[in-house]
There are 2 protein chains.
Amino acid sequence: MPELRKDPIIGRWVIIATERAARPSDFKHQELISPPSREPKNCPFCEGHEYMTPPEVLAYRHPHTKPNGPGWWVRAFPNKYPALKSNLELVKRGVGVYDMMSGFGVHEVIVETPNHKATPLTMTQKDYEEVIWAYRDRIVALSKDPRIKHVIIFKNHGRQAGASLEHPHSQLIAIPVIPRTTKNELDGARIYYELRDRCIFCDIIYQELSLQERVIFENRSFVAITPYASRFPFEIWILPKEHSHRFEEIEKNQVVDLAETLKVVLSKLYLLLNDPPYNYMLHTSPVSSNHREYYHWHIEIIPRLTHVAGFEWGTGMYINPTPPEQAAKLLREQEIP
Amino acid sequence: MPELRKDPIIGRWVIIATERAARPSDFKHQELISPPSREPKNCPFCEGHEYMTPPEVLAYRHPHTKPNGPGWWVRAFPNKYPALKSNLELVKRGVGVYDMMSGFGVHEVIVETPNHKATPLTMTQKDYEEVIWAYRDRIVALSKDPRIKHVIIFKNHGRQAGASLEHPHSQLIAIPVIPRTTKNELDGARIYYELRDRCIFCDIIYQELSLQERVIFENRSFVAITPYASRFPFEIWILPKEHSHRFEEIEKNQVVDLAETLKVVLSKLYLLLNDPPYNYMLHTSPVSSNHREYYHWHIEIIPRLTHVAGFEWGTGMYINPTPPEQAAKLLREQEIP
């Protein structure tokens, strides 16, 4: 049974995934560097292989096609090897000086396209729109469970970024706690708001659009920038221009604009850095609490080009060899065929 | 000129190392997976190659041998490619909504032994004692500079853990800020102390020694445990049993005991996991401020066996497939020849 355990010093929650229990022999560290191996014919995320996954919880599919069969263009289902389990009772207790919870939670996969070899260049803007709607629909559905405090949506692309399968997919984890990073962001934004009566993210957007030094792309509703204190080379943040603390509140026109922004930005990364490994993470308000005035949802994209080592682990500081102004210029100038 | 930039939302400092400026072509991501390549004959850390490094700032060497020549057993010098520079004026200013500082700081390498191929099995306890004294002496020396707020000592071992050279070495970075992770730890420990008038680390040590579930090794002055909320498989913390917030205050007898603990614990890791990549980080009180009552210095060792991916980056939470009780049992039982 998985367990949630809280670090008593800094309040960091950890999932002890006992059912995946790994022994020393499971860590052939060579494994970390082998390329993704599943060909489309063995890929559980390809159309026609729906029987290889748990039953779907959401699919956008052609009328008259059946659940868990072909005919879909986006498909979500529980992770076959979940870090947390939804069929557990949520139990919380103290263990001496420590705090724990049962490993209750939801862990899902969202397959973004039936096309195993899709890239940002072959995905259409419409394809991205459908992925965004699936993110939104799953968050809305899971928010109804009062045990869920926060929903995280993220994408791991490439082996170095933690992807074990090549087929384009995102993941969703819904948890009964508000995690450390989210708490730090909420606190920082709240303190700034108390001081200035303004959203820190709105101020950043205003300053970046005025300066144009770190702007990569902009349309009606979104702006993509390399953040001033970028941790990683070619780190990118996508922010809605209009203040909103919850991704789920996204409007239909904004979905169109976010799809365009994602396609443009990911295509530029793909071309400039030759399909780099990357993660992206949706940062949005916890579903269980209200941070309307001061929080501002956004997407953070981090290419995985540098090592995170002792200095970063010991401090939470980062050494970035590529100034974000230079990264922004190169990304801005990168043409898309 | 390198720059320190602060994330305006969560207060995370980033070093923008402009002089190392990396362009897209520098990120052949294959590089990340190639093995360390320097043979002893080209290794700048080997004895007789002192001319390949900047001049030493500390060496423990045989009497009558000359600085920057052979005859040493531990040797420290500035990093040839420093993330921060010590010959800069410390300038601080606001940039609209952002905060920055000039990239003032110190970045040094501490070579732990002249033996290129040394392992925890071939290093003697006496060798470890000398490394610990070098850590201590460099922190004491750098604390005298009022611009330095915090000193971090860390070790990257193995390519996957960020080491670019195989020869056993540690690194030191001294910075004009207190970094995020340190601040989180200090805050957590302070809040606990205000509530209970006890050090949280002392409480953890007491509970772990009573339970013996997660203890790996114990001697007169130190205990090595797998922490209750371990982020990583086989994560290990080494803590002094006697309360002390500053590593530099270590007593001579404690140096002997810490050397024994390090040798035992690193040997067990080496044997059990077949020389895994790992980082270790010394967590100690910032040199610029006093946290005597509630902070407790310690060393965190994290084997790098799992991927850190979107979920971890988005939340600061971790998924650990190896329960620390199981890791502790295996490490306890691992014999050292």
# chains A, B, ... in the order shown; residues from 1 in each chain; ligands from 1
>>> interface_residues(of="chain B", to="chain A", cutoff="7 Å", atoms="only C-alpha atoms", output="number ranges by chain")
B: 5-7, 9-10, 12-18, 20-22, 24, 27, 29, 33, 83, 97, 154-156, 161-162, 179-182, 184-185, 188-189, 204, 229, 231, 272-273, 279-281, 305, 307-311, 314-323
>>> residues_around(residues="Val151 in chain A", least_positions_apart="6", cutoff="10 Å", atoms="only C-alpha atoms", output="JSON list (two decimals) with C-alpha atoms, in the first residue's frame")
[["chain", "number", "residue", "atom", "x", "y", "z"],
["A", 105, "GLY", "CA", -4.73, 9.64, -5.04],
["A", 106, "VAL", "CA", -5.32, 9.39, -8.76],
["A", 107, "HIS", "CA", -2.65, 8.80, -11.40],
["A", 138, "ARG", "CA", -10.14, 15.70, -16.15],
["A", 139, "ILE", "CA", -9.35, 18.46, -13.64],
["A", 140, "VAL", "CA", -13.03, 19.41, -13.46],
["A", 142, "LEU", "CA", -11.49, 15.10, -10.24],
["A", 143, "SER", "CA", -12.19, 18.37, -8.40],
["A", 172, "LEU", "CA", -2.12, 13.67, -14.29],
["A", 173, "ILE", "CA", -1.67, 13.13, -10.55],
["A", 174, "ALA", "CA", -4.38, 14.21, -8.10],
["A", 175, "ILE", "CA", -3.29, 14.32, -4.47],
["A", 176, "PRO", "CA", -4.80, 14.85, -0.99],
["A", 177, "VAL", "CA", -2.15, 17.46, -0.04],
["A", 178, "ILE", "CA", -0.86, 20.79, -1.32],
["A", 282, "LEU", "CA", 0.82, 23.05, -15.44],
["A", 283, "HIS", "CA", 0.92, 25.31, -12.37],
["A", 284, "THR", "CA", -2.62, 26.05, -11.27],
["A", 285, "SER", "CA", -4.50, 26.86, -8.08],
["A", 286, "PRO", "CA", -5.22, 23.91, -5.79],
["A", 287, "VAL", "CA", -8.79, 22.77, -6.43],
["A", 288, "SER", "CA", -9.51, 22.83, -2.69]]
>>> atom_distance(atom1="CA of Asp197 in chain A", atom2="CA of Arg220 in chain A")
25.3 Å
>>> select_by_dssp(residues="range 117-265 of chain B", states="helix (DSSP H, G or I)", output="short mmCIF file (atom, residue, chain, number, x, y, z; two decimals) with C-alpha atoms, in the first residue's frame")
data_model
loop_
_atom_site.label_atom_id
_atom_site.label_comp_id
_atom_site.auth_asym_id
_atom_site.auth_seq_id
_atom_site.Cartn_x
_atom_site.Cartn_y
_atom_site.Cartn_z
CA GLN B 125 39.54 6.27 7.66
CA LYS B 126 42.52 8.60 8.04
CA ASP B 127 42.04 9.76 4.40
CA TYR B 128 38.43 10.69 5.20
CA GLU B 129 39.57 12.56 8.33
CA GLU B 130 41.85 14.72 6.21
CA VAL B 131 39.01 15.52 3.77
CA ILE B 132 36.78 16.55 6.68
CA TRP B 133 39.51 18.84 8.06
CA ALA B 134 39.86 20.45 4.63
CA TYR B 135 36.09 21.10 4.49
CA ARG B 136 36.29 22.67 7.93
CA ASP B 137 39.37 24.79 7.23
CA ARG B 138 37.94 26.21 3.99
CA ILE B 139 34.62 27.12 5.63
CA VAL B 140 36.43 28.85 8.50
CA ALA B 141 38.66 30.77 6.07
CA LEU B 142 35.77 31.90 3.86
CA SER B 143 33.54 32.87 6.80
CA ARG B 159 28.45 11.07 -14.62
CA GLN B 160 24.72 10.67 -13.85
CA ALA B 161 25.28 12.72 -10.69
CA ARG B 180 15.83 28.68 -0.75
CA THR B 181 16.36 25.14 0.57
CA THR B 182 18.47 26.37 3.47
CA LYS B 183 15.85 29.00 4.29
CA ASN B 184 13.08 26.38 4.21
CA GLU B 185 15.07 24.16 6.59
CA LEU B 186 15.88 26.98 8.98
CA ASP B 187 12.24 28.14 9.01
CA GLY B 188 10.92 24.62 9.58
CA ALA B 189 13.36 23.99 12.42
CA ARG B 190 12.65 27.39 14.01
CA ILE B 191 8.87 26.93 13.94
CA TYR B 192 9.21 23.49 15.56
CA TYR B 193 11.49 24.95 18.23
CA GLU B 194 9.06 27.76 18.97
CA LEU B 195 6.33 25.18 19.44
CA ARG B 196 8.20 22.61 21.51
CA ILE B 200 13.49 18.74 15.42
CA PHE B 201 16.68 16.95 14.35
CA CYS B 202 17.43 15.90 17.96
CA ASP B 203 13.87 14.55 18.19
CA ILE B 204 14.36 12.61 14.94
CA ILE B 205 17.64 11.12 16.21
CA TYR B 206 15.99 10.10 19.50
CA GLN B 207 13.05 8.46 17.71
CA GLU B 208 15.25 6.68 15.16
CA LEU B 209 17.65 5.33 17.77
CA SER B 210 14.70 4.04 19.84
CA LEU B 211 12.99 2.37 16.87
CA PHE B 247 29.75 21.94 10.99
CA GLU B 248 32.83 24.11 11.62
CA GLU B 249 32.44 23.53 15.38
CA LYS B 252 38.66 16.41 16.90
CA ASN B 253 37.11 13.20 18.24
CA GLN B 254 34.05 13.84 16.13
CA VAL B 255 36.19 14.15 13.00
CA VAL B 256 37.45 10.63 13.67
CA ASP B 257 33.90 9.36 14.13
CA LEU B 258 32.54 11.16 11.07
CA ALA B 259 35.37 9.73 8.98
CA GLU B 260 34.44 6.24 10.15
CA THR B 261 30.75 6.87 9.40
CA LEU B 262 31.46 8.22 5.90
CA LYS B 263 33.77 5.35 5.04
CA VAL B 264 31.31 2.72 6.28
CA VAL B 265 28.24 4.25 4.66
#
>>> residues_around(residues="Thr119 in chain A", least_positions_apart="2", cutoff="10 Å", atoms="only C-alpha atoms", output="PyMOL selection string")
chain A and resi 115-117+121-124+167-168+263+266-267+270+275
>>> select_by_dssp(residues="range 75-260 of chain B", states="strand (DSSP E)", output="ChimeraX atom specification")
/B:75-78,92-95,98-102,106-111,150-157,169-175,215-218,222-225,236-240
>>> residues_around(residues="Leu331 in chain B", least_positions_apart="3", cutoff="7 Å", atoms="only C-alpha atoms", output="list in words")
Ile216, Lys268, Ala327, Ala328 and Gln334 of chain B
>>> write_last_selection(atoms="C-alpha atoms", output="mmCIF file, in the first residue's frame")
data_model
loop_
_atom_site.group_PDB
_atom_site.id
_atom_site.type_symbol
_atom_site.label_atom_id
_atom_site.label_comp_id
_atom_site.auth_asym_id
_atom_site.auth_seq_id
_atom_site.Cartn_x
_atom_site.Cartn_y
_atom_site.Cartn_z
ATOM 1 C CA ILE B 216 22.182 1.938 9.196
ATOM 2 C CA LYS B 268 28.028 -0.072 1.850
ATOM 3 C CA ALA B 327 16.833 0.290 2.214
ATOM 4 C CA ALA B 328 18.084 0.527 5.813
ATOM 5 C CA GLN B 334 25.698 -5.261 3.628
#
>>> decode(residues="range 134-169 of chain B", atoms="N, CA and C atoms", output="PDB file, in the first residue's frame")
ATOM      1  N   ALA B 134      39.769  19.466   5.728  1.00  0.00           N
ATOM      2  CA  ALA B 134      39.860  20.446   4.629  1.00  0.00           C
ATOM      3  C   ALA B 134      38.529  21.181   4.472  1.00  0.00           C
ATOM      4  N   TYR B 135      37.406  20.450   4.540  1.00  0.00           N
ATOM      5  CA  TYR B 135      36.086  21.104   4.488  1.00  0.00           C
ATOM      6  C   TYR B 135      36.012  22.185   5.575  1.00  0.00           C
ATOM      7  N   ARG B 136      36.400  21.773   6.779  1.00  0.00           N
ATOM      8  CA  ARG B 136      36.289  22.667   7.929  1.00  0.00           C
ATOM      9  C   ARG B 136      37.190  23.888   7.763  1.00  0.00           C
ATOM     10  N   ASP B 137      38.424  23.668   7.366  1.00  0.00           N
ATOM     11  CA  ASP B 137      39.365  24.790   7.227  1.00  0.00           C
ATOM     12  C   ASP B 137      38.909  25.784   6.157  1.00  0.00           C
ATOM     13  N   ARG B 138      38.374  25.300   5.056  1.00  0.00           N
ATOM     14  CA  ARG B 138      37.936  26.211   3.993  1.00  0.00           C
ATOM     15  C   ARG B 138      36.705  27.008   4.439  1.00  0.00           C
ATOM     16  N   ILE B 139      35.792  26.375   5.152  1.00  0.00           N
ATOM     17  CA  ILE B 139      34.621  27.122   5.634  1.00  0.00           C
ATOM     18  C   ILE B 139      35.065  28.217   6.603  1.00  0.00           C
ATOM     19  N   VAL B 140      35.953  27.861   7.535  1.00  0.00           N
ATOM     20  CA  VAL B 140      36.431  28.852   8.501  1.00  0.00           C
ATOM     21  C   VAL B 140      37.108  30.008   7.772  1.00  0.00           C
ATOM     22  N   ALA B 141      37.950  29.706   6.793  1.00  0.00           N
ATOM     23  CA  ALA B 141      38.663  30.767   6.073  1.00  0.00           C
ATOM     24  C   ALA B 141      37.680  31.676   5.337  1.00  0.00           C
ATOM     25  N   LEU B 142      36.694  31.086   4.673  1.00  0.00           N
ATOM     26  CA  LEU B 142      35.774  31.897   3.856  1.00  0.00           C
ATOM     27  C   LEU B 142      34.768  32.669   4.706  1.00  0.00           C
ATOM     28  N   SER B 143      34.486  32.170   5.910  1.00  0.00           N
ATOM     29  CA  SER B 143      33.538  32.865   6.798  1.00  0.00           C
ATOM     30  C   SER B 143      34.031  34.254   7.171  1.00  0.00           C
ATOM     31  N   LYS B 144      35.321  34.477   7.008  1.00  0.00           N
ATOM     32  CA  LYS B 144      35.884  35.766   7.429  1.00  0.00           C
ATOM     33  C   LYS B 144      35.493  36.893   6.489  1.00  0.00           C
ATOM     34  N   ASP B 145      35.051  36.552   5.290  1.00  0.00           N
ATOM     35  CA  ASP B 145      34.630  37.572   4.323  1.00  0.00           C
ATOM     36  C   ASP B 145      33.181  37.960   4.615  1.00  0.00           C
ATOM     37  N   PRO B 146      32.944  39.212   5.020  1.00  0.00           N
ATOM     38  CA  PRO B 146      31.576  39.584   5.427  1.00  0.00           C
ATOM     39  C   PRO B 146      30.568  39.540   4.276  1.00  0.00           C
ATOM     40  N   ARG B 147      31.061  39.467   3.042  1.00  0.00           N
ATOM     41  CA  ARG B 147      30.122  39.393   1.913  1.00  0.00           C
ATOM     42  C   ARG B 147      29.518  37.988   1.770  1.00  0.00           C
ATOM     43  N   ILE B 148      30.216  36.995   2.333  1.00  0.00           N
ATOM     44  CA  ILE B 148      29.767  35.597   2.212  1.00  0.00           C
ATOM     45  C   ILE B 148      28.696  35.313   3.255  1.00  0.00           C
ATOM     46  N   LYS B 149      27.526  34.857   2.799  1.00  0.00           N
ATOM     47  CA  LYS B 149      26.467  34.515   3.754  1.00  0.00           C
ATOM     48  C   LYS B 149      26.384  33.023   4.023  1.00  0.00           C
ATOM     49  N   HIS B 150      26.745  32.228   3.031  1.00  0.00           N
ATOM     50  CA  HIS B 150      26.536  30.792   3.186  1.00  0.00           C
ATOM     51  C   HIS B 150      27.586  30.032   2.378  1.00  0.00           C
ATOM     52  N   VAL B 151      28.033  28.906   2.929  1.00  0.00           N
ATOM     53  CA  VAL B 151      29.004  28.063   2.235  1.00  0.00           C
ATOM     54  C   VAL B 151      28.397  26.674   2.047  1.00  0.00           C
ATOM     55  N   ILE B 152      28.421  26.193   0.831  1.00  0.00           N
ATOM     56  CA  ILE B 152      27.896  24.858   0.528  1.00  0.00           C
ATOM     57  C   ILE B 152      29.058  23.961   0.118  1.00  0.00           C
ATOM     58  N   ILE B 153      29.118  22.785   0.720  1.00  0.00           N
ATOM     59  CA  ILE B 153      30.100  21.786   0.295  1.00  0.00           C
ATOM     60  C   ILE B 153      29.329  20.584  -0.219  1.00  0.00           C
ATOM     61  N   PHE B 154      29.742  20.097  -1.382  1.00  0.00           N
ATOM     62  CA  PHE B 154      29.013  18.971  -1.966  1.00  0.00           C
ATOM     63  C   PHE B 154      29.947  18.124  -2.795  1.00  0.00           C
ATOM     64  N   LYS B 155      29.472  16.909  -3.073  1.00  0.00           N
ATOM     65  CA  LYS B 155      30.247  15.986  -3.886  1.00  0.00           C
ATOM     66  C   LYS B 155      29.333  15.404  -4.953  1.00  0.00           C
ATOM     67  N   ASN B 156      29.804  15.428  -6.196  1.00  0.00           N
ATOM     68  CA  ASN B 156      29.110  14.760  -7.297  1.00  0.00           C
ATOM     69  C   ASN B 156      29.960  13.561  -7.688  1.00  0.00           C
ATOM     70  N   HIS B 157      29.403  12.377  -7.594  1.00  0.00           N
ATOM     71  CA  HIS B 157      30.158  11.180  -7.962  1.00  0.00           C
ATOM     72  C   HIS B 157      29.448  10.452  -9.095  1.00  0.00           C
ATOM     73  N   GLY B 158      30.142  10.264 -10.202  1.00  0.00           N
ATOM     74  CA  GLY B 158      29.556   9.557 -11.348  1.00  0.00           C
ATOM     75  C   GLY B 158      28.904  10.535 -12.302  1.00  0.00           C
ATOM     76  N   ARG B 159      28.959  10.190 -13.569  1.00  0.00           N
ATOM     77  CA  ARG B 159      28.452  11.068 -14.617  1.00  0.00           C
ATOM     78  C   ARG B 159      26.983  11.436 -14.413  1.00  0.00           C
ATOM     79  N   GLN B 160      26.157  10.433 -14.035  1.00  0.00           N
ATOM     80  CA  GLN B 160      24.720  10.666 -13.851  1.00  0.00           C
ATOM     81  C   GLN B 160      24.448  11.623 -12.697  1.00  0.00           C
ATOM     82  N   ALA B 161      25.446  11.803 -11.820  1.00  0.00           N
ATOM     83  CA  ALA B 161      25.279  12.718 -10.691  1.00  0.00           C
ATOM     84  C   ALA B 161      25.954  14.047 -10.967  1.00  0.00           C
ATOM     85  N   GLY B 162      26.395  14.253 -12.210  1.00  0.00           N
ATOM     86  CA  GLY B 162      26.930  15.555 -12.591  1.00  0.00           C
ATOM     87  C   GLY B 162      28.445  15.689 -12.505  1.00  0.00           C
ATOM     88  N   ALA B 163      29.164  14.601 -12.214  1.00  0.00           N
ATOM     89  CA  ALA B 163      30.629  14.699 -12.147  1.00  0.00           C
ATOM     90  C   ALA B 163      31.200  14.685 -13.554  1.00  0.00           C
ATOM     91  N   SER B 164      32.073  15.634 -13.852  1.00  0.00           N
ATOM     92  CA  SER B 164      32.678  15.620 -15.182  1.00  0.00           C
ATOM     93  C   SER B 164      34.067  14.982 -15.127  1.00  0.00           C
ATOM     94  N   LEU B 165      34.627  14.847 -13.932  1.00  0.00           N
ATOM     95  CA  LEU B 165      35.918  14.165 -13.787  1.00  0.00           C
ATOM     96  C   LEU B 165      35.763  13.041 -12.770  1.00  0.00           C
ATOM     97  N   GLU B 166      36.490  11.949 -13.035  1.00  0.00           N
ATOM     98  CA  GLU B 166      36.341  10.738 -12.244  1.00  0.00           C
ATOM     99  C   GLU B 166      37.134  10.806 -10.937  1.00  0.00           C
ATOM    100  N   HIS B 167      38.247  11.518 -10.955  1.00  0.00           N
ATOM    101  CA  HIS B 167      39.136  11.615  -9.789  1.00  0.00           C
ATOM    102  C   HIS B 167      38.341  12.121  -8.565  1.00  0.00           C
ATOM    103  N   PRO B 168      38.422  11.413  -7.412  1.00  0.00           N
ATOM    104  CA  PRO B 168      37.589  11.788  -6.258  1.00  0.00           C
ATOM    105  C   PRO B 168      37.808  13.237  -5.816  1.00  0.00           C
ATOM    106  N   HIS B 169      36.727  14.006  -5.830  1.00  0.00           N
ATOM    107  CA  HIS B 169      36.831  15.410  -5.435  1.00  0.00           C
ATOM    108  C   HIS B 169      35.491  15.905  -4.922  1.00  0.00           C
TER     109      HIS B 169
END
